[in-house]
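Undergrad: What follows is query26.tsv; its format and atoms are TSV, N, CA and C atoms.
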```tsv
chain	number	residue	atom	x	y	z
A	29	MET	N	-0.99	-2.73	17.54
A	29	MET	CA	0.09	-2.14	16.75
A	29	MET	C	-0.38	-0.77	16.26
A	30	THR	N	0.48	0.18	16.37
A	30	THR	CA	0.15	1.53	15.91
A	30	THR	C	0.43	1.64	14.40
A	31	LEU	N	-0.09	2.69	13.81
A	31	LEU	CA	0.16	2.95	12.40
A	31	LEU	C	1.66	3.11	12.14
A	32	ASP	N	2.34	3.83	13.01
A	32	ASP	CA	3.79	4.03	12.84
A	32	ASP	C	4.55	2.71	12.94
A	33	GLU	N	4.13	1.84	13.86
A	33	GLU	CA	4.78	0.53	13.98
A	33	GLU	C	4.55	-0.31	12.72
A	34	ALA	N	3.34	-0.28	12.20
A	34	ALA	CA	3.03	-1.04	10.99
A	34	ALA	C	3.84	-0.52	9.81
A	35	LYS	N	3.92	0.80	9.65
A	35	LYS	CA	4.71	1.36	8.55
A	35	LYS	C	6.17	0.98	8.68
A	36	SER	N	6.68	1.00	9.90
A	36	SER	CA	8.07	0.62	10.13
A	36	SER	C	8.33	-0.84	9.77
A	37	ARG	N	7.42	-1.72	10.14
A	37	ARG	CA	7.57	-3.15	9.83
A	37	ARG	C	7.48	-3.40	8.33
A	38	ILE	N	6.56	-2.73	7.66
A	38	ILE	CA	6.44	-2.89	6.21
A	38	ILE	C	7.70	-2.40	5.51
A	39	THR	N	8.20	-1.25	5.93
A	39	THR	CA	9.42	-0.71	5.34
A	39	THR	C	10.60	-1.65	5.56
A	40	SER	N	10.70	-2.19	6.77
A	40	SER	CA	11.77	-3.13	7.09
A	40	SER	C	11.68	-4.38	6.22
A	41	CYS	N	10.49	-4.91	6.07
A	41	CYS	CA	10.29	-6.10	5.24
A	41	CYS	C	10.63	-5.81	3.78
A	42	ALA	N	10.19	-4.67	3.29
A	42	ALA	CA	10.50	-4.30	1.90
A	42	ALA	C	12.00	-4.16	1.69
A	43	ASN	N	12.69	-3.58	2.66
A	43	ASN	CA	14.15	-3.46	2.56
A	43	ASN	C	14.83	-4.82	2.55
A	44	GLN	N	14.33	-5.75	3.36
A	44	GLN	CA	14.88	-7.10	3.38
A	44	GLN	C	14.68	-7.80	2.04
A	45	MET	N	13.50	-7.66	1.46
A	45	MET	CA	13.24	-8.27	0.14
A	45	MET	C	14.16	-7.67	-0.91
A	46	ASP	N	14.31	-6.36	-0.90
A	46	ASP	CA	15.19	-5.70	-1.86
A	46	ASP	C	16.62	-6.22	-1.73
A	47	ALA	N	17.08	-6.39	-0.49
A	47	ALA	CA	18.44	-6.88	-0.26
A	47	ALA	C	18.60	-8.31	-0.76
A	48	ARG	N	17.60	-9.15	-0.52
A	48	ARG	CA	17.69	-10.55	-0.94
A	48	ARG	C	17.67	-10.72	-2.45
A	49	TYR	N	16.87	-9.89	-3.11
A	49	TYR	CA	16.75	-10.02	-4.57
A	49	TYR	C	17.70	-9.10	-5.33
A	50	GLY	N	18.39	-8.23	-4.61
A	50	GLY	CA	19.36	-7.36	-5.24
A	50	GLY	C	18.75	-6.26	-6.10
A	51	LYS	N	17.47	-6.03	-5.92
A	51	LYS	CA	16.79	-4.96	-6.65
A	51	LYS	C	15.48	-4.65	-5.93
A	52	THR	N	14.83	-3.59	-6.33
A	52	THR	CA	13.56	-3.21	-5.71
A	52	THR	C	12.48	-4.21	-6.10
A	53	VAL	N	11.81	-4.77	-5.10
A	53	VAL	CA	10.73	-5.73	-5.34
A	53	VAL	C	9.41	-4.99	-5.50
A	54	PHE	N	9.11	-4.11	-4.57
A	54	PHE	CA	7.90	-3.28	-4.65
A	54	PHE	C	8.33	-1.82	-4.59
A	55	ASP	N	7.91	-1.02	-5.56
A	55	ASP	CA	8.28	0.39	-5.54
A	55	ASP	C	7.21	1.25	-4.89
A	56	GLU	N	6.13	0.61	-4.44
A	56	GLU	CA	5.10	1.35	-3.72
A	56	GLU	C	4.32	0.38	-2.84
A	57	TRP	N	3.73	0.91	-1.80
A	57	TRP	CA	2.82	0.14	-0.97
A	57	TRP	C	1.85	1.10	-0.31
A	58	ALA	N	0.71	0.55	0.06
A	58	ALA	CA	-0.33	1.37	0.69
A	58	ALA	C	-0.99	0.58	1.80
A	59	MET	N	-1.40	1.30	2.82
A	59	MET	CA	-2.26	0.74	3.87
A	59	MET	C	-3.60	1.44	3.72
A	60	VAL	N	-4.64	0.64	3.52
A	60	VAL	CA	-5.97	1.19	3.27
A	60	VAL	C	-6.93	0.63	4.32
A	61	SER	N	-7.66	1.51	4.96
A	61	SER	CA	-8.70	1.11	5.90
A	61	SER	C	-10.01	0.94	5.14
A	62	LEU	N	-10.71	-0.14	5.44
A	62	LEU	CA	-12.02	-0.37	4.83
A	62	LEU	C	-13.11	-0.37	5.90
A	63	ALA	N	-12.85	0.28	7.01
A	63	ALA	CA	-13.81	0.34	8.12
A	63	ALA	C	-15.10	1.02	7.70
A	64	GLU	N	-16.19	0.49	8.18
A	64	GLU	CA	-17.51	1.06	7.94
A	64	GLU	C	-17.81	1.24	6.45
A	65	ASN	N	-17.29	0.32	5.63
A	65	ASN	CA	-17.52	0.34	4.18
A	65	ASN	C	-17.03	1.62	3.51
A	66	LYS	N	-16.02	2.24	4.10
A	66	LYS	CA	-15.43	3.45	3.52
A	66	LYS	C	-13.93	3.23	3.38
A	67	ALA	N	-13.42	3.45	2.20
A	67	ALA	CA	-11.99	3.30	1.96
A	67	ALA	C	-11.28	4.58	2.36
A	68	ARG	N	-10.20	4.41	3.11
A	68	ARG	CA	-9.39	5.56	3.53
A	68	ARG	C	-7.93	5.15	3.50
A	69	VAL	N	-7.12	5.91	2.80
A	69	VAL	CA	-5.69	5.62	2.73
A	69	VAL	C	-5.04	6.07	4.03
A	70	LEU	N	-4.44	5.12	4.73
A	70	LEU	CA	-3.77	5.43	5.99
A	70	LEU	C	-2.31	5.79	5.76
A	71	ALA	N	-1.71	5.16	4.75
A	71	ALA	CA	-0.30	5.42	4.44
A	71	ALA	C	-0.04	5.00	3.00
A	72	TYR	N	0.82	5.74	2.35
A	72	TYR	CA	1.24	5.40	0.99
A	72	TYR	C	2.69	5.81	0.84
A	73	ILE	N	3.48	4.90	0.30
A	73	ILE	CA	4.86	5.23	-0.04
A	73	ILE	C	5.08	4.77	-1.47
A	74	GLY	N	5.46	5.68	-2.32
A	74	GLY	CA	5.72	5.35	-3.71
A	74	GLY	C	5.74	6.58	-4.59
A	75	PRO	N	6.03	6.36	-5.86
A	75	PRO	CA	6.21	7.49	-6.77
A	75	PRO	C	4.92	7.97	-7.46
A	76	ARG	N	3.81	7.28	-7.23
A	76	ARG	CA	2.59	7.61	-8.00
A	76	ARG	C	1.39	7.90	-7.11
A	77	ASN	N	1.56	8.73	-6.10
A	77	ASN	CA	0.49	9.00	-5.17
A	77	ASN	C	-0.80	9.46	-5.86
A	78	ASP	N	-0.72	10.41	-6.75
A	78	ASP	CA	-1.93	10.92	-7.41
A	78	ASP	C	-2.59	9.85	-8.26
A	79	ASP	N	-1.80	9.07	-8.98
A	79	ASP	CA	-2.36	7.99	-9.79
A	79	ASP	C	-3.02	6.93	-8.89
A	80	PHE	N	-2.35	6.61	-7.80
A	80	PHE	CA	-2.91	5.62	-6.88
A	80	PHE	C	-4.27	6.07	-6.35
A	81	LEU	N	-4.36	7.31	-5.92
A	81	LEU	CA	-5.63	7.82	-5.40
A	81	LEU	C	-6.71	7.82	-6.47
A	82	ARG	N	-6.32	8.06	-7.70
A	82	ARG	CA	-7.29	8.09	-8.81
A	82	ARG	C	-7.83	6.69	-9.12
A	83	ILE	N	-6.95	5.67	-9.07
A	83	ILE	CA	-7.40	4.32	-9.46
A	83	ILE	C	-7.89	3.48	-8.28
A	84	LEU	N	-7.69	3.93	-7.06
A	84	LEU	CA	-8.11	3.15	-5.90
A	84	LEU	C	-9.58	2.73	-5.96
A	85	PRO	N	-10.51	3.60	-6.30
A	85	PRO	CA	-11.91	3.14	-6.37
A	85	PRO	C	-12.11	1.98	-7.36
A	86	LYS	N	-11.40	2.00	-8.47
A	86	LYS	CA	-11.50	0.90	-9.45
A	86	LYS	C	-10.95	-0.40	-8.87
A	87	ILE	N	-9.84	-0.31	-8.17
A	87	ILE	CA	-9.24	-1.49	-7.55
A	87	ILE	C	-10.21	-2.08	-6.51
A	88	LEU	N	-10.77	-1.22	-5.69
A	88	LEU	CA	-11.70	-1.70	-4.65
A	88	LEU	C	-12.97	-2.29	-5.25
A	89	ALA	N	-13.44	-1.72	-6.35
A	89	ALA	CA	-14.63	-2.27	-6.99
A	89	ALA	C	-14.36	-3.68	-7.51
A	90	ARG	N	-13.18	-3.90	-8.09
A	90	ARG	CA	-12.81	-5.23	-8.57
A	90	ARG	C	-12.71	-6.22	-7.42
A	91	CYS	N	-12.14	-5.78	-6.33
A	91	CYS	CA	-12.02	-6.66	-5.16
A	91	CYS	C	-13.39	-7.03	-4.61
A	92	ALA	N	-14.29	-6.09	-4.59
A	92	ALA	CA	-15.63	-6.35	-4.06
A	92	ALA	C	-16.39	-7.37	-4.91
A	93	ARG	N	-16.12	-7.39	-6.20
A	93	ARG	CA	-16.80	-8.35	-7.08
A	93	ARG	C	-16.28	-9.76	-6.88
A	94	ASN	N	-15.04	-9.87	-6.43
A	94	ASN	CA	-14.44	-11.21	-6.24
A	94	ASN	C	-14.73	-11.66	-4.87
```
Rewrite the coordinates I just gave you, this time as structure tokens.

TA:
Amino acid sequence: MTLDEAKSRITSCANQMDARYGKTVFDEWAMVSLAENKARVLAYIGPRNDDFLRILPKILARCARN
């Protein structure tokens, strides 16, 4: 699956959830690569791109501890 195909499927799924619940379920999503122990944002859709990039290292650190 290509990155564009994955983004399209995620967008489609998010639209289906929104339609079923009658409101926005997720207002943002991200695809993050963790290859070679390096985090890299492959795609992000949402209103808080700068905030997301700022807090991503904290999120990943918490995940690594669990």

Undergrad: Could you state the separation of atom N of Ala89 in chain A and atom C of Val69 in chain A in Å, given to one decimal place?

TA: 15.5 Å

Undergrad: Between CA of Arg82 in chain A and CA of Met29 in chain A, what is the distance in Å, rounded to a tenth?

TA: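 Atom-to-atom, CA of Arg82 in chain A to CA of Met29 in chain A, that is 28.5 Å.
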
Undergrad: Pick out the closest residue to Trp57 in chain A from this set: A:Tyr72, A:Asp32, A:Pro85, A:Asn77. Count all atoms listed in the file.

TA: A:Tyr72

Undergrad: Counting only C-alpha atoms, select every polymer residue within 12 Å of (3.5, -4.4, -3.7) as defined in the file's coordinates, and provide the selection as a PDB file with N, CA and C atoms, in the coordinates of the input.

TA:
```
ATOM      1  N   ILE A  38       6.560  -2.730   7.660  1.00  0.00           N
ATOM      2  CA  ILE A  38       6.440  -2.890   6.210  1.00  0.00           C
ATOM      3  C   ILE A  38       7.700  -2.400   5.510  1.00  0.00           C
ATOM      4  N   THR A  39       8.200  -1.250   5.930  1.00  0.00           N
ATOM      5  CA  THR A  39       9.420  -0.710   5.340  1.00  0.00           C
ATOM      6  C   THR A  39      10.600  -1.650   5.560  1.00  0.00           C
ATOM      7  N   CYS A  41      10.490  -4.910   6.070  1.00  0.00           N
ATOM      8  CA  CYS A  41      10.290  -6.100   5.240  1.00  0.00           C
ATOM      9  C   CYS A  41      10.630  -5.810   3.780  1.00  0.00           C
ATOM     10  N   ALA A  42      10.190  -4.670   3.290  1.00  0.00           N
ATOM     11  CA  ALA A  42      10.500  -4.300   1.900  1.00  0.00           C
ATOM     12  C   ALA A  42      12.000  -4.160   1.690  1.00  0.00           C
ATOM     13  N   MET A  45      13.500  -7.660   1.460  1.00  0.00           N
ATOM     14  CA  MET A  45      13.240  -8.270   0.140  1.00  0.00           C
ATOM     15  C   MET A  45      14.160  -7.670  -0.910  1.00  0.00           C
ATOM     16  N   ASP A  46      14.310  -6.360  -0.900  1.00  0.00           N
ATOM     17  CA  ASP A  46      15.190  -5.700  -1.860  1.00  0.00           C
ATOM     18  C   ASP A  46      16.620  -6.220  -1.730  1.00  0.00           C
ATOM     19  N   THR A  52      14.830  -3.590  -6.330  1.00  0.00           N
ATOM     20  CA  THR A  52      13.560  -3.210  -5.710  1.00  0.00           C
ATOM     21  C   THR A  52      12.480  -4.210  -6.100  1.00  0.00           C
ATOM     22  N   VAL A  53      11.810  -4.770  -5.100  1.00  0.00           N
ATOM     23  CA  VAL A  53      10.730  -5.730  -5.340  1.00  0.00           C
ATOM     24  C   VAL A  53       9.410  -4.990  -5.500  1.00  0.00           C
ATOM     25  N   PHE A  54       9.110  -4.110  -4.570  1.00  0.00           N
ATOM     26  CA  PHE A  54       7.900  -3.280  -4.650  1.00  0.00           C
ATOM     27  C   PHE A  54       8.330  -1.820  -4.590  1.00  0.00           C
ATOM     28  N   ASP A  55       7.910  -1.020  -5.560  1.00  0.00           N
ATOM     29  CA  ASP A  55       8.280   0.390  -5.540  1.00  0.00           C
ATOM     30  C   ASP A  55       7.210   1.250  -4.890  1.00  0.00           C
ATOM     31  N   GLU A  56       6.130   0.610  -4.440  1.00  0.00           N
ATOM     32  CA  GLU A  56       5.100   1.350  -3.720  1.00  0.00           C
ATOM     33  C   GLU A  56       4.320   0.380  -2.840  1.00  0.00           C
ATOM     34  N   TRP A  57       3.730   0.910  -1.800  1.00  0.00           N
ATOM     35  CA  TRP A  57       2.820   0.140  -0.970  1.00  0.00           C
ATOM     36  C   TRP A  57       1.850   1.100  -0.310  1.00  0.00           C
ATOM     37  N   ALA A  58       0.710   0.550   0.060  1.00  0.00           N
ATOM     38  CA  ALA A  58      -0.330   1.370   0.690  1.00  0.00           C
ATOM     39  C   ALA A  58      -0.990   0.580   1.800  1.00  0.00           C
ATOM     40  N   MET A  59      -1.400   1.300   2.820  1.00  0.00           N
ATOM     41  CA  MET A  59      -2.260   0.740   3.870  1.00  0.00           C
ATOM     42  C   MET A  59      -3.600   1.440   3.720  1.00  0.00           C
ATOM     43  N   TYR A  72       0.820   5.740   2.350  1.00  0.00           N
ATOM     44  CA  TYR A  72       1.240   5.400   0.990  1.00  0.00           C
ATOM     45  C   TYR A  72       2.690   5.810   0.840  1.00  0.00           C
ATOM     46  N   ILE A  73       3.480   4.900   0.300  1.00  0.00           N
ATOM     47  CA  ILE A  73       4.860   5.230  -0.040  1.00  0.00           C
ATOM     48  C   ILE A  73       5.080   4.770  -1.470  1.00  0.00           C
ATOM     49  N   GLY A  74       5.460   5.680  -2.320  1.00  0.00           N
ATOM     50  CA  GLY A  74       5.720   5.350  -3.710  1.00  0.00           C
ATOM     51  C   GLY A  74       5.740   6.580  -4.590  1.00  0.00           C
TER      52      GLY A  74
END
```

Undergrad: Just how far from atom N of Lys35 in chain A is atom C of Glu64 in chain A, in Å to one decimal?

TA: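 Atom N of Lys35 in chain A lies 22.0 Å from atom C of Glu64 in chain A.
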
Undergrad: Please identify which residues in range 34-70 of chain A DSSP calls strand (DSSP E or B) from the backbone, and express them as a list of chain:residue names.

TA: A:Trp57, A:Ala58, A:Met59, A:Val60, A:Ser61, A:Arg68, A:Val69, A:Leu70

Undergrad: Generate the missing atoms of range 35-46 of chain A up to all heavy atoms and report them as an mmCIF file, keeping the file's coordinate frame.

TA:
```
data_model
loop_
_atom_site.group_PDB
_atom_site.id
_atom_site.type_symbol
_atom_site.label_atom_id
_atom_site.label_comp_id
_atom_site.auth_asym_id
_atom_site.auth_seq_id
_atom_site.Cartn_x
_atom_site.Cartn_y
_atom_site.Cartn_z
ATOM 1 N N LYS A 35 3.920 0.800 9.650
ATOM 2 C CA LYS A 35 4.710 1.360 8.550
ATOM 3 C C LYS A 35 6.170 0.980 8.680
ATOM 4 O O LYS A 35 6.824 0.638 7.693
ATOM 5 C CB LYS A 35 4.558 2.886 8.517
ATOM 6 C CG LYS A 35 3.185 3.328 8.066
ATOM 7 C CD LYS A 35 3.033 4.809 7.809
ATOM 8 C CE LYS A 35 3.662 5.748 8.764
ATOM 9 N NZ LYS A 35 3.317 7.153 8.540
ATOM 10 N N SER A 36 6.680 1.000 9.900
ATOM 11 C CA SER A 36 8.070 0.620 10.130
ATOM 12 C C SER A 36 8.330 -0.840 9.770
ATOM 13 O O SER A 36 9.331 -1.171 9.131
ATOM 14 C CB SER A 36 8.439 0.880 11.589
ATOM 15 O OG SER A 36 9.768 0.487 11.847
ATOM 16 N N ARG A 37 7.420 -1.720 10.140
ATOM 17 C CA ARG A 37 7.570 -3.150 9.830
ATOM 18 C C ARG A 37 7.480 -3.400 8.330
ATOM 19 O O ARG A 37 8.221 -4.219 7.785
ATOM 20 C CB ARG A 37 6.527 -3.962 10.576
ATOM 21 C CG ARG A 37 6.805 -4.032 12.054
ATOM 22 C CD ARG A 37 5.822 -4.911 12.750
ATOM 23 N NE ARG A 37 6.048 -4.896 14.185
ATOM 24 C CZ ARG A 37 5.532 -5.788 15.009
ATOM 25 N NH1 ARG A 37 4.775 -6.758 14.537
ATOM 26 N NH2 ARG A 37 5.776 -5.712 16.294
ATOM 27 N N ILE A 38 6.560 -2.730 7.660
ATOM 28 C CA ILE A 38 6.440 -2.890 6.210
ATOM 29 C C ILE A 38 7.700 -2.400 5.510
ATOM 30 O O ILE A 38 8.229 -3.057 4.618
ATOM 31 C CB ILE A 38 5.197 -2.144 5.685
ATOM 32 C CG1 ILE A 38 3.924 -2.828 6.189
ATOM 33 C CG2 ILE A 38 5.210 -2.077 4.157
ATOM 34 C CD1 ILE A 38 2.668 -2.026 5.970
ATOM 35 N N THR A 39 8.200 -1.250 5.930
ATOM 36 C CA THR A 39 9.420 -0.710 5.340
ATOM 37 C C THR A 39 10.600 -1.650 5.560
ATOM 38 O O THR A 39 11.385 -1.913 4.649
ATOM 39 C CB THR A 39 9.730 0.685 5.922
ATOM 40 O OG1 THR A 39 8.630 1.554 5.620
ATOM 41 C CG2 THR A 39 11.008 1.268 5.348
ATOM 42 N N SER A 40 10.700 -2.190 6.770
ATOM 43 C CA SER A 40 11.770 -3.130 7.090
ATOM 44 C C SER A 40 11.680 -4.380 6.220
ATOM 45 O O SER A 40 12.678 -4.850 5.663
ATOM 46 C CB SER A 40 11.718 -3.515 8.568
ATOM 47 O OG SER A 40 12.662 -4.510 8.857
ATOM 48 N N CYS A 41 10.490 -4.910 6.070
ATOM 49 C CA CYS A 41 10.290 -6.100 5.240
ATOM 50 C C CYS A 41 10.630 -5.810 3.780
ATOM 51 O O CYS A 41 11.290 -6.617 3.112
ATOM 52 C CB CYS A 41 8.852 -6.581 5.370
ATOM 53 S SG CYS A 41 8.496 -8.090 4.449
ATOM 54 N N ALA A 42 10.190 -4.670 3.290
ATOM 55 C CA ALA A 42 10.500 -4.300 1.900
ATOM 56 C C ALA A 42 12.000 -4.160 1.690
ATOM 57 O O ALA A 42 12.538 -4.622 0.675
ATOM 58 C CB ALA A 42 9.787 -2.988 1.539
ATOM 59 N N ASN A 43 12.690 -3.580 2.660
ATOM 60 C CA ASN A 43 14.150 -3.460 2.560
ATOM 61 C C ASN A 43 14.830 -4.820 2.550
ATOM 62 O O ASN A 43 15.800 -5.029 1.816
ATOM 63 C CB ASN A 43 14.696 -2.594 3.707
ATOM 64 C CG ASN A 43 14.315 -1.139 3.565
ATOM 65 O OD1 ASN A 43 14.021 -0.661 2.474
ATOM 66 N ND2 ASN A 43 14.305 -0.427 4.676
ATOM 67 N N GLN A 44 14.330 -5.750 3.360
ATOM 68 C CA GLN A 44 14.880 -7.100 3.380
ATOM 69 C C GLN A 44 14.680 -7.800 2.040
ATOM 70 O O GLN A 44 15.586 -8.481 1.536
ATOM 71 C CB GLN A 44 14.242 -7.927 4.497
ATOM 72 C CG GLN A 44 14.644 -7.504 5.889
ATOM 73 C CD GLN A 44 13.890 -8.271 6.953
ATOM 74 O OE1 GLN A 44 13.610 -9.453 6.789
ATOM 75 N NE2 GLN A 44 13.551 -7.594 8.041
ATOM 76 N N MET A 45 13.500 -7.660 1.460
ATOM 77 C CA MET A 45 13.240 -8.270 0.140
ATOM 78 C C MET A 45 14.160 -7.670 -0.910
ATOM 79 O O MET A 45 14.728 -8.403 -1.744
ATOM 80 C CB MET A 45 11.772 -8.081 -0.264
ATOM 81 C CG MET A 45 10.818 -8.942 0.513
ATOM 82 S SD MET A 45 9.119 -8.864 -0.108
ATOM 83 C CE MET A 45 8.656 -7.209 0.335
ATOM 84 N N ASP A 46 14.310 -6.360 -0.900
ATOM 85 C CA ASP A 46 15.190 -5.700 -1.860
ATOM 86 C C ASP A 46 16.620 -6.220 -1.730
ATOM 87 O O ASP A 46 17.287 -6.496 -2.740
ATOM 88 C CB ASP A 46 15.176 -4.178 -1.653
ATOM 89 C CG ASP A 46 13.842 -3.537 -1.975
ATOM 90 O OD1 ASP A 46 12.957 -4.214 -2.534
ATOM 91 O OD2 ASP A 46 13.692 -2.339 -1.653
#
```
